[in-house]
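*Asks:* Contents of run12.cif (mmCIF, C-alpha atoms and all ligand atoms) are below:
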data_upload
#
loop_
_atom_site.label_atom_id
_atom_site.label_comp_id
_atom_site.auth_asym_id
_atom_site.auth_seq_id
_atom_site.Cartn_x
_atom_site.Cartn_y
_atom_site.Cartn_z
CA MET T 1 0.00 0.00 0.00
CA ASN T 2 1.43 3.37 -0.96
CA ARG T 3 1.99 6.17 1.54
CA VAL T 4 -1.01 8.32 0.50
CA LYS T 5 -3.39 5.37 0.82
CA TYR T 6 -1.92 4.47 4.20
CA VAL T 7 -2.30 8.03 5.52
CA PHE T 8 -5.89 8.11 4.26
CA PHE T 9 -6.85 4.88 6.07
CA TYR T 10 -4.82 5.89 9.15
CA LEU T 11 -6.75 9.17 9.52
CA LEU T 12 -10.13 7.69 8.64
CA GLU T 13 -9.78 4.75 11.01
CA THR T 14 -8.40 6.92 13.80
CA ILE T 15 -11.54 9.04 13.52
CA LEU T 16 -13.66 5.85 13.59
CA ARG T 17 -11.49 4.21 16.25
CA PHE T 18 -14.37 3.21 18.52
CA LEU T 19 -16.04 1.16 15.79
CA PRO T 20 -15.04 -2.40 14.85
CA LEU T 21 -13.34 -2.27 11.44
CA PRO T 22 -12.69 -5.85 10.33
CA GLN T 23 -10.14 -7.03 7.84
CA LYS T 24 -10.26 -10.37 6.02
CA THR T 25 -8.71 -13.11 8.14
CA GLY T 26 -6.15 -15.61 6.86
CA LEU T 27 -2.49 -15.98 6.01
CA ILE T 28 -0.43 -13.15 4.55
CA LYS T 29 3.08 -13.84 3.30
CA ILE T 30 5.31 -10.83 3.89
CA GLY T 31 8.40 -10.91 1.66
CA HIS T 32 9.60 -14.41 0.82
CA PRO T 33 9.18 -16.47 3.98
CA ASN T 34 10.72 -19.93 4.13
CA LYS T 35 10.46 -22.97 6.39
CA ASN T 36 12.32 -21.18 9.21
CA SER T 37 10.55 -17.83 9.02
CA PRO T 38 8.73 -16.48 12.05
CA VAL T 39 4.96 -16.92 12.30
CA LEU T 40 3.20 -13.91 13.76
CA VAL T 41 -0.48 -13.62 14.72
CA THR T 42 -2.48 -10.44 14.94
CA GLY T 43 -6.16 -9.55 15.22
CA ASN T 44 -8.25 -8.53 12.23
CA TYR T 45 -8.67 -4.88 13.16
CA HIS T 46 -7.99 -3.24 9.80
CA LEU T 47 -5.73 -0.45 11.09
CA THR T 48 -3.66 -2.90 13.14
CA VAL T 49 -3.05 -5.07 10.08
CA LEU T 50 -2.02 -2.01 8.06
CA LYS T 51 0.42 -0.96 10.79
CA VAL T 52 1.87 -4.47 11.05
CA LEU T 53 2.33 -4.76 7.28
CA ARG T 54 4.02 -1.36 7.23
CA ALA T 55 6.31 -2.19 10.16
CA LEU T 56 7.34 -5.54 8.66
CA LYS T 57 8.04 -4.28 5.14
CA GLY T 58 11.27 -5.84 3.86
CA GLN T 59 11.07 -8.82 6.27
CA ASN T 60 10.25 -12.45 5.50
CA VAL T 61 7.42 -13.34 7.85
CA PHE T 62 4.19 -15.34 7.87
CA LEU T 63 1.42 -13.15 9.25
CA LEU T 64 -1.72 -14.89 10.44
CA VAL T 65 -4.69 -12.56 10.73
CA ALA T 66 -7.05 -14.11 13.27
CA ASN T 67 -10.61 -13.11 13.98
CA SER T 68 -10.72 -10.45 16.71
CA ARG T 69 -14.11 -9.24 15.46
CA GLY T 70 -12.54 -6.17 13.87
CA ILE T 71 -11.45 -4.89 17.29
CA ASN T 72 -7.89 -4.00 18.30
CA VAL T 73 -5.96 -6.81 19.98
CA TRP T 74 -5.94 -5.51 23.57
CA CYS T 75 -9.60 -4.51 23.75
CA ALA T 76 -10.70 -7.68 21.93
CA ALA T 77 -8.69 -10.02 24.19
CA ALA T 78 -9.73 -8.20 27.39
CA GLY T 79 -13.37 -8.27 26.34
CA GLY T 80 -13.44 -11.95 25.37
CA HIS T 81 -13.70 -11.26 21.61
CA PHE T 82 -10.27 -12.67 20.80
CA THR T 83 -9.59 -16.04 22.39
CA PHE T 84 -7.52 -19.17 21.96
CA HIS T 85 -10.29 -20.54 19.69
CA ASP T 86 -9.54 -17.79 17.16
CA VAL T 87 -5.79 -18.41 17.23
CA ILE T 88 -6.28 -22.18 16.90
CA SER T 89 -8.67 -21.65 13.95
CA ALA T 90 -6.12 -19.36 12.28
CA LEU T 91 -3.35 -21.93 12.76
CA LYS T 92 -5.43 -24.81 11.43
CA LEU T 93 -7.25 -23.12 8.56
CA SER T 94 -4.12 -21.47 7.18
CA ASN T 95 -2.29 -24.80 6.87
CA ILE T 96 0.78 -23.04 8.26
CA GLU T 97 2.06 -26.35 9.62
CA SER T 98 3.03 -27.43 6.13
CA LEU T 99 4.86 -24.17 5.43
CA VAL T 100 7.29 -24.07 8.36
CA ASP T 101 9.52 -26.58 10.14
CA HIS T 102 9.13 -25.09 13.61
CA ARG T 103 6.12 -24.84 15.92
CA GLU T 104 6.53 -21.38 17.46
CA VAL T 105 3.95 -18.70 17.01
CA ILE T 106 4.44 -15.11 18.14
CA LEU T 107 1.40 -13.36 19.55
CA PRO T 108 1.13 -9.69 20.50
CA GLN T 109 1.81 -9.39 24.23
CA LEU T 110 -1.34 -7.37 24.81
CA ALA T 111 -3.41 -10.41 23.80
CA ALA T 112 -2.13 -12.23 26.90
CA CYS T 113 -5.06 -10.98 28.99
CA GLY T 114 -7.48 -13.14 27.01
CA ILE T 115 -5.65 -15.88 25.10
CA GLU T 116 -4.34 -18.86 27.05
CA ALA T 117 -0.97 -19.93 25.64
CA LYS T 118 -1.19 -23.20 27.52
CA VAL T 119 -4.43 -24.26 25.81
CA ILE T 120 -3.03 -23.43 22.36
CA HIS T 121 -0.02 -25.62 23.09
CA GLN T 122 -2.15 -28.48 24.46
CA ARG T 123 -4.51 -28.50 21.48
CA THR T 124 -2.12 -27.80 18.61
CA GLY T 125 1.46 -28.44 19.75
CA TRP T 126 2.40 -24.83 18.91
CA ASN T 127 4.38 -22.87 21.50
CA VAL T 128 3.24 -19.33 22.05
CA LYS T 129 5.82 -16.60 22.43
CA TRP T 130 4.67 -13.17 23.55
CA GLY T 131 6.05 -10.57 21.18
CA PRO T 132 6.62 -6.91 21.96
CA VAL T 133 3.78 -4.64 23.02
CA HIS T 134 4.39 -2.21 20.16
CA ILE T 135 4.80 -3.49 16.61
CA LYS T 136 7.51 -0.89 15.92
CA ASP T 137 9.77 -2.92 18.27
CA PHE T 138 9.23 -6.11 16.29
CA LEU T 139 12.33 -5.82 14.10
CA ALA T 140 14.54 -5.26 17.13
CA TYR T 141 12.82 -8.24 18.76
CA LEU T 142 13.72 -10.44 15.78
CA GLU T 143 17.26 -9.10 15.65
CA ILE T 144 18.01 -10.09 19.23
CA GLY T 145 16.78 -13.64 18.67
CA GLN T 146 13.08 -13.16 19.52
CA GLN T 147 13.91 -11.83 22.96
CA LYS T 148 12.20 -8.92 24.66
CA SER T 149 13.85 -6.17 26.63
CA ILE T 150 11.81 -4.71 29.51
CA ASP T 151 11.25 -1.64 27.37
CA MET T 152 9.57 -3.78 24.67
CA SER T 153 7.23 -5.31 27.27
CA ILE T 154 5.91 -2.09 28.72
CA VAL T 155 2.93 -0.25 27.45
CA ARG T 156 3.50 3.40 26.67
CA PHE T 157 1.21 6.30 25.88
CA PRO T 158 3.37 8.61 23.73
CA MET T 159 2.18 11.83 22.20
CA GLN T 160 1.19 10.10 18.96
CA ASP T 161 -1.12 7.68 20.82
CA ARG T 162 -2.56 10.54 22.85
CA LEU T 163 -3.23 12.51 19.69
CA GLU T 164 -4.93 9.46 18.15
CA MET T 165 -7.11 9.15 21.24
CA SER T 166 -7.96 12.88 21.06
CA ILE T 167 -8.97 12.54 17.42
CA ALA T 168 -11.14 9.51 18.17
CA TRP T 169 -12.98 11.31 21.01
CA ALA T 170 -13.19 14.77 19.44
CA SER T 171 -14.51 13.47 16.10
CA TRP T 172 -17.71 11.93 17.35
CA MET T 173 -18.32 14.52 20.07
CA SER T 174 -17.91 17.48 17.72
CA ALA T 175 -20.18 15.77 15.17
CA VAL T 176 -22.92 15.40 17.81
CA PHE T 177 -22.54 19.01 19.00
CA PHE T 178 -22.54 20.25 15.41
CA PHE T 179 -25.80 18.52 14.47
CA VAL T 180 -27.64 19.44 17.66
CA LEU T 181 -26.53 23.10 17.51
CA TRP T 182 -27.24 23.28 13.78
CA ILE T 183 -30.88 22.62 14.64
CA PHE T 184 -31.20 24.81 17.75
CA LYS T 185 -28.49 27.49 17.56
CA ARG T 186 -26.97 27.45 14.11
CA GLU T 187 -24.40 30.24 14.65
CA ALA T 188 -22.79 28.20 17.46
CA ALA T 189 -22.42 24.95 15.47
CA VAL T 190 -19.00 25.65 13.92
CA PRO T 191 -17.42 27.36 16.99
CA ALA T 192 -18.54 24.34 19.06
CA ILE T 193 -16.33 22.10 16.90
CA PHE T 194 -13.30 24.26 17.81
CA VAL T 195 -14.15 24.24 21.51
CA VAL T 196 -14.56 20.44 21.60
CA TRP T 197 -11.34 19.76 19.66
CA LEU T 198 -9.31 22.27 21.68
CA LEU T 199 -10.49 20.84 25.00
CA THR T 200 -9.99 17.23 23.94
CA LEU T 201 -6.52 17.83 22.52
CA PHE T 202 -5.60 19.66 25.70
CA VAL T 203 -6.95 16.85 27.94
CA PHE T 204 -4.94 14.11 26.23
CA SER T 205 -1.75 16.08 25.49
CA ALA T 206 -1.51 17.20 29.11
CA PHE T 207 -2.13 13.66 30.41
CA PRO T 208 1.40 13.06 31.83
CA VAL T 209 1.08 16.31 33.81
CA TYR T 210 -2.06 15.30 35.73
CA LEU T 211 -1.46 11.52 35.77
CA PRO T 212 0.11 11.63 39.28
CA LEU T 213 -3.14 13.11 40.64
CA LEU T 214 -5.21 10.16 39.42
CA ARG T 215 -3.87 7.61 41.89
CA PRO T 216 -5.72 4.36 42.61
CA GLY T 217 -8.51 4.90 45.07
CA VAL T 218 -9.03 8.61 44.43
CA LYS T 219 -12.21 9.84 42.74
CA LYS T 220 -10.63 10.23 39.31
CA ARG T 221 -13.76 11.37 37.51
CA LEU T 222 -14.37 14.11 40.07
CA ILE T 223 -10.79 15.39 40.12
CA PHE T 224 -10.60 15.28 36.35
CA MET T 225 -13.92 17.02 35.76
CA VAL T 226 -13.48 19.76 38.37
CA SER T 227 -9.92 20.53 37.17
CA PHE T 228 -10.74 20.66 33.49
CA LEU T 229 -13.98 22.52 33.92
CA PHE T 230 -12.11 25.12 35.94
CA LEU T 231 -9.43 25.37 33.21
CA ALA T 232 -12.07 25.57 30.46
CA LEU T 233 -13.92 28.35 32.30
CA ALA T 234 -10.65 30.22 32.89
CA GLY T 235 -9.88 29.88 29.14
CA LEU T 236 -13.35 31.14 28.25
CA GLY T 237 -13.00 34.06 30.64
CA ILE T 238 -9.67 35.12 29.09
CA PHE T 239 -11.03 34.65 25.56
CA SER T 240 -14.16 36.70 26.30
CA LEU T 241 -12.13 39.51 27.89
CA LEU T 242 -9.71 39.64 24.95
CA THR T 243 -12.52 39.67 22.40
CA SER T 244 -14.96 41.87 24.35
CA HIS T 245 -17.52 39.02 24.54
CA PHE T 246 -17.68 39.24 28.31
CA THR T 247 -21.39 38.64 28.88
CA ALA T 248 -23.14 36.30 31.29
CA HIS T 249 -24.94 34.62 28.37
CA PHE T 250 -21.68 33.96 26.48
CA LEU T 251 -19.98 32.49 29.53
CA LEU T 252 -23.03 30.41 30.50
CA PHE T 253 -23.58 28.97 27.02
CA TRP T 254 -19.94 28.03 26.34
CA GLY T 255 -19.52 26.97 29.96
CA ILE T 256 -22.31 24.41 29.38
CA ILE T 257 -20.71 23.19 26.13
CA SER T 258 -17.36 22.81 27.96
CA PHE T 259 -19.06 21.07 30.88
CA ILE T 260 -20.73 18.48 28.62
CA THR T 261 -17.42 17.87 26.79
CA VAL T 262 -15.52 17.38 30.06
CA LEU T 263 -18.37 15.22 31.40
CA LEU T 264 -18.17 12.90 28.36
CA LEU T 265 -14.37 12.73 28.44
CA GLY T 266 -14.34 12.15 32.17
CA GLY T 267 -16.94 9.35 32.02
CA ASP T 268 -14.05 6.91 32.23
CA ILE T 269 -10.86 8.84 31.57
CA ALA T 270 -8.90 6.07 33.30
CA GLY T 271 -10.22 3.50 30.83
CA SER T 272 -9.09 5.65 27.88
CA THR T 273 -5.47 5.39 28.96
CA PRO T 274 -3.18 2.38 29.42
CA PHE T 275 -1.79 3.42 32.83
CA LEU T 276 -4.92 3.50 34.95
CA ILE T 277 -7.51 0.92 35.93
CA SER T 278 -10.86 1.71 34.43
CA GLU T 279 -13.01 3.10 37.25
CA PHE T 280 -15.68 0.53 36.46
CA ARG T 281 -13.13 -2.19 37.24
CA GLU T 282 -11.53 -0.37 40.13
CA GLU T 283 -14.85 -0.57 41.99
CA LYS T 284 -14.33 -4.32 42.25
CA GLY T 285 -11.21 -3.59 44.29
CA LEU T 286 -9.21 -6.40 42.70
CA GLN T 287 -5.70 -6.98 44.01
CA ILE T 288 -3.18 -9.53 42.73
CA GLU T 289 -2.09 -12.16 45.22
CA VAL T 290 0.88 -14.50 44.71
CA ASP T 291 0.70 -17.98 46.23
CA SER T 292 4.38 -18.58 46.96
CA LYS T 293 3.77 -22.31 47.46
CA LYS T 294 2.50 -22.71 43.90
CA CYS T 295 4.89 -20.33 42.11
CA ARG T 296 7.73 -22.02 40.14
CA GLY T 297 9.52 -18.82 39.21
CA ASP T 298 9.31 -19.45 35.44
CA GLY T 299 8.67 -15.73 34.84
CA ILE T 300 5.73 -16.22 32.46
CA CYS T 301 3.70 -13.60 34.31
CA MET T 302 6.58 -11.13 34.04
CA ASN T 303 6.70 -11.68 30.31
CA ALA T 304 2.97 -11.00 29.98
CA CYS T 305 2.69 -7.98 32.30
CA PRO T 306 2.57 -4.69 30.37
CA LEU T 307 3.35 -2.56 33.44
CA ASP T 308 6.43 -4.34 34.83
CA CYS T 309 4.77 -5.08 38.17
CA PHE T 310 6.79 -8.19 39.11
CA ILE T 311 10.37 -8.99 39.99
CA LEU T 312 11.91 -12.43 40.18
CA ASP T 313 13.56 -13.68 43.35
CA LYS T 314 16.10 -15.97 41.68
CA GLN T 315 17.25 -17.55 44.94
CA LYS T 316 13.77 -18.56 46.05
CA GLN T 317 12.57 -19.16 42.46
CA LEU T 318 9.37 -17.18 42.85
CA VAL T 319 8.01 -13.85 41.70
CA ILE T 320 7.28 -10.91 43.94
CA PHE T 321 4.46 -8.51 43.18
CA GLU T 322 6.82 -5.60 43.65
CA ARG T 323 4.96 -2.66 42.11
CA PRO T 324 1.24 -3.09 42.93
CA GLU T 325 0.61 0.63 42.42
CA LYS T 326 1.30 0.15 38.69
CA CYS T 327 -1.13 -2.75 38.22
CA ILE T 328 -4.07 -1.95 35.95
CA CYS T 329 -5.82 -5.28 36.59
CA CYS T 330 -5.52 -6.36 32.96
CA GLY T 331 -5.54 -10.02 34.03
CA ALA T 332 -2.69 -11.15 31.75
CA CYS T 333 -0.55 -12.60 34.54
CA VAL T 334 -3.48 -14.51 36.08
CA VAL T 335 -4.62 -15.90 32.73
CA GLN T 336 -1.11 -17.06 31.75
CA CYS T 337 0.14 -18.57 35.01
CA GLN T 338 0.18 -22.30 34.37
CA PHE T 339 0.25 -23.22 38.05
CA ASP T 340 -2.59 -20.97 39.25
CA ALA T 341 -0.14 -19.24 41.57
CA LEU T 342 -1.74 -15.86 40.87
CA SER T 343 -5.26 -14.81 41.63
CA TYR T 344 -7.28 -11.73 42.38
CA VAL T 345 -8.75 -10.90 45.74
CA ASP T 346 -11.84 -8.68 45.50
CA TYR T 347 -12.92 -5.78 47.70
CA LYS T 348 -14.58 -8.20 50.16
CA GLY T 349 -11.44 -10.27 50.50
CA HIS T 350 -12.86 -13.12 48.38
CA ARG T 351 -10.38 -14.93 46.15
CA VAL T 352 -11.43 -14.91 42.49
CA PRO T 353 -10.27 -18.25 41.03
CA PRO T 354 -7.99 -17.87 37.96
CA ASP T 355 -10.31 -20.05 35.89
CA PHE T 356 -13.15 -17.64 36.54
CA ILE T 357 -10.99 -14.84 35.06
CA ARG T 358 -10.07 -17.05 32.10
CA ARG T 359 -13.75 -17.71 31.41
CA HIS T 360 -15.24 -14.29 32.08
CA LYS T 361 -12.14 -12.06 31.68
CA VAL T 362 -11.26 -9.47 34.24
CA GLY T 363 -14.37 -7.42 33.52
CA PHE T 364 -16.39 -10.48 34.65
CA SER T 365 -18.30 -10.09 31.39
CA GLY T 366 -20.40 -7.38 33.00
CA LYS T 367 -21.21 -9.42 36.10
CA TRP T 368 -21.09 -7.11 39.11
CA LYS T 369 -21.97 -9.81 41.63
CA PRO T 370 -20.47 -12.94 40.16
CA ARG T 371 -20.53 -16.33 41.86
CA TYR T 372 -17.10 -17.76 42.29
S1 LIG T 401 3.35 -16.69 39.41
FE1 LIG T 401 2.95 -18.29 37.90
S2 LIG T 401 3.62 -17.41 35.95
FE2 LIG T 401 4.53 -16.16 37.58
S3 LIG T 401 6.54 -17.06 37.90
FE3 LIG T 401 5.16 -18.00 39.37
S4 LIG T 401 4.43 -19.86 38.36
FE4 LIG T 401 5.33 -18.57 36.79
S1 LIG T 402 0.24 -7.43 37.49
FE1 LIG T 402 -1.53 -6.24 36.95
S2 LIG T 402 -0.91 -5.11 35.12
FE2 LIG T 402 0.55 -6.77 35.38
S3 LIG T 402 -0.29 -8.44 34.15
FE3 LIG T 402 -1.03 -8.74 36.23
S4 LIG T 402 -3.03 -7.74 36.22
FE4 LIG T 402 -1.91 -6.96 34.41
#
Any chance you could give the structure as structure tokens?
*Replies:*
Amino acid sequence: MNRVKYVFFYLLETILRFLPLPQKTGLIKIGHPNKNSPVLVTGNYHLTVLKVLRALKGQNVFLLVANSRGINVWCAAAGGHFTFHDVISALKLSNIESLVDHREVILPQLAACGIEAKVIHQRTGWNVKWGPVHIKDFLAYLEIGQQKSIDMSIVRFPMQDRLEMSIAWASWMSAVFFFVLWIFKREAAVPAIFVVWLLTLFVFSAFPVYLPLLRPGVKKRLIFMVSFLFLALAGLGIFSLLTSHFTAHFLLFWGIISFITVLLLGGDIAGSTPFLISEFREEKGLQIEVDSKKCRGDGICMNACPLDCFILDKQKQLVIFERPEKCICCGACVVQCQFDALSYVDYKGHRVPPDFIRRHKVGFSGKWKPRY
């Protein structure tokens, strides 16, 4: 795909980011792969496949596009839309076994919260390796013998990702404001687009600045909404003074538009970022617990964790949950631990069995009062 076409799809699909955008599943040969070439799996979210193809240009790789229902890998795996069934189907239907001599398949690390490597191995004989979190690290991962540095295992939220998130939010919100205001207050329809985009870009670009305020346990929505509403009102006040629009009606009207924008963005600001537990999940009060009697110290959980929460005690051959404040309750470590040494404890002190998480994912498939 040429550059212009890529940029077109990149912008269009960033705008439509919250919609499933499926790509045809199946095997794609990148370059001229041979019997020893790596086999990589990704979900069938169209933009992901485009990014993977772009990142792997010039390599010789088999790419298996499995059915993630047109959703990006992390969201699909966490929500139970991308499971071991889909990976097994992709392996079997593609006939990849006849094309390579090895039995190692590389999956994106962020799929670890929903795809059990152990089951894939039991049912197909293929060993799952968790690749880097970001596809742009994939070449470096291959170069160092399919090994991951800590940096490749950690999720990041750089400016580009924050801008993408701003575009995704601002696009649909400004469209809604535009149509409603076009009907009821036509002269405000176009300025509303500017207000929504400015606020949204500001909210996501400034994220690292206010991240330390949104600690676990604090009322994130409240802090977020009060702070940004205050900033929006201050901005409106300065703008109205500079442009001689300083009237109660002006401030009230645009104050309401700003309030609704901040209200929508703040609905679950934590869930829109990779560093915070969604507030809907935080209410369950889940905490990781390590059973030191069951742990074998194989480090699988460390390899799956996108926030580097564990360290390995090499002498005792067990992991220590060293950085609990970083945990976003993604469930990857619990799902992958082959010895059930990790589990969640909920806000009542009840242990949530690992198999329950494997079946219902960490969101409990919407069950607020599950039986376990
Ligand atoms: S907790 Fe489980 S996955 Fe982690 S090192 Fe121990 S046995 Fe391995
Ligand atoms: S420790 Fe927390 S963030 Fe890390 S894999 Fe486990 S649940 Fe996810």
*Asks:* Let me have all residues with an atom within 8 Å of ligand LIG 402 (chain T), counting all atoms listed in the file, laid out as a PyMOL selection string.
*Replies:* chain T and resi 113+288+301-302+304-310+321+324+326-334
*Asks:* All residues within 9 Å of ligand LIG 401 (chain T) are required, counting all atoms listed in the file; please report them as a ChimeraX atom specification.
*Replies:* /T:290-292,294-304,310,312,317-320,333-342
*Asks:* Looking at all atoms listed in the file, which of T:Ser153, T:Thr200, T:Gln122, T:Gln23 is the one that sits closest to Ser166 of chain T?
*Replies:*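 Selected residue with least distance to Ser166 of chain T: T:Thr200.
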*Asks:* One decimal, Å: what's the distance from atom CA of Ile269 of chain T over to atom CA of Leu19 of chain T, could you say?
*Replies:*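 Computed distance, atom CA of Ile269 of chain T to atom CA of Leu19 of chain T, equals 18.3 Å.
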*Asks:* Figure out the distance between atom CA of Ile120 of chain T and atom CA of Lys24 of chain T, please, to one decimal in Å.
*Replies:*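 Result for atom CA of Lys24 of chain T versus atom CA of Ile120 of chain T: 22.1 Å, one decimal.
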*Asks:* Let me make sure I understand: among T:Asn95, T:Asn127, T:Gln160, T:Thr83, which one has the smallest atom-to-atom distance to Phe62 of chain T if we use all atoms listed in the file?
*Replies:* T:Asn95
*Asks:* Kindly give the distance, in Å, that separates atom CA of Gln59 of chain T and atom CA of Asp137 of chain T, rounded to a single decimal.
*Replies:*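 Pair atom CA of Gln59 of chain T / atom CA of Asp137 of chain T returns 13.4 Å.
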*Asks:* Name the residues, using the chain letters and numbers of the file, that sit within 12 Å of (-5.6, 14.6, 27.7) when counting all atoms listed in the file, and give them as a ChimeraX atom specification.
*Replies:* /T:157-167,169-170,197-211,224-225,227-228,262,265-266,269-270,272-273
*Asks:* Of the candidates T:Gln109, T:Ser89, T:Thr261, T:Ser240, which one gets nearest to Met173 of chain T if we count only C-alpha atoms?
*Replies:*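 Under the stated criterion, the closest residue is T:Thr261.
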*Asks:* Between T:His121, T:Lys92, T:Lys51, T:Lys35, which one has atoms that come closest to Arg3 of chain T, using only C-alpha atoms?
*Replies:* T:Lys51
